[in-house]
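Below you'll find the structure, written out as structure tokens, and then a few comments.
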Amino acid sequence: MPAKAAPKKKLSVLKRVRQAEKRRLRNKAVRTRIKTLTKRVREAVSSKDKEQVEKTLREAIKAISSAASKGVLHKNTASRKISRLSKLANTVLKAEAA
């Protein structure tokens, strides 16, 4: 008895697979960048460098907001991340002002 032939895949399915892979890689890059920027903010806070905290926080907020607008992150997730980072950064920024 001959082996059963593999089922043929439709062209639209193959295209969907290619598109999904492209999007997965793009989303992964965006998420990785957000994690890196978050780490930089935390490092700046631990070193108590006010200027560095402000700069990295602004950069991180921009990246997180952009990811939310493009659908990489849910808007509530983005808001939560921004809120937590801002709260952390304010510990240094408020201490410097006082």
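Ordered as shown in the structure tokens, chains take letters A, B, and onward, while each chain numbers its residues from 1 and ligands are numbered from 1 in the order shown.
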Practice task
For Ser65 in chain A, please output as a PyMOL selection string all residues within 10 Å (counting only C-alpha atoms; exclusion window: fewer than 2 positions along the same chain).
Solution key: chain A and resi 60-63+67-75+78-79+81-82
Practice task
List every residue of chain A that DSSP, applied to the backbone, labels as helix (DSSP H, G or I), and write the result as a ChimeraX atom specification.
Solution key: /A:11-47,50-70,75-97
Problem - Top pick for closest residue to Arg42 in chain A, considering A:Leu57, A:Val17, A:Ala29, A:Ile64 and counting only C-alpha atoms - result: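 Of all the options, A:Leu57 lies closest to Arg42 in chain A.
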Problem - d(CA of Ser86 in chain A, CA of Ala44 in chain A) in Å - result: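 That distance, rounded to one decimal, is 12.6 Å.
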Practice task
Give the answer as one residue: which of A:Ser66, A:Ser83, A:Thr32, A:Thr38 has the shortest atom-to-atom distance to Val53 in chain A, using only C-alpha atoms?
Solution key: A:Thr38
Completion exercise
If you count only C-alpha atoms, the residue of A:Ser12, A:Asn90, A:Thr56, A:Asn27 closest to Arg40 in chain A turns out to be A:Thr56
Practice task
Could you check how far CA of Leu85 in chain A sits from CA of Glu54 in chain A, in Å to one decimal?
Solution key: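 Taking CA of Leu85 in chain A and CA of Glu54 in chain A, their separation equals 11.0 Å.
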Exercise for the section: Might you pull out every residue within 8 Å of Leu88 in chain A, with only C-alpha atoms counted and same-chain residues fewer than 4 positions away left off, and present them as a list in words? Expected result: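 Counting only C-alpha atoms, the residues come to Arg42, Val45, Arg84 and Val92 of chain A.
Taking CA of Glu59 in chain A and CA of Lys94 in chain A as the two end points, the separation is 19.5 Å.
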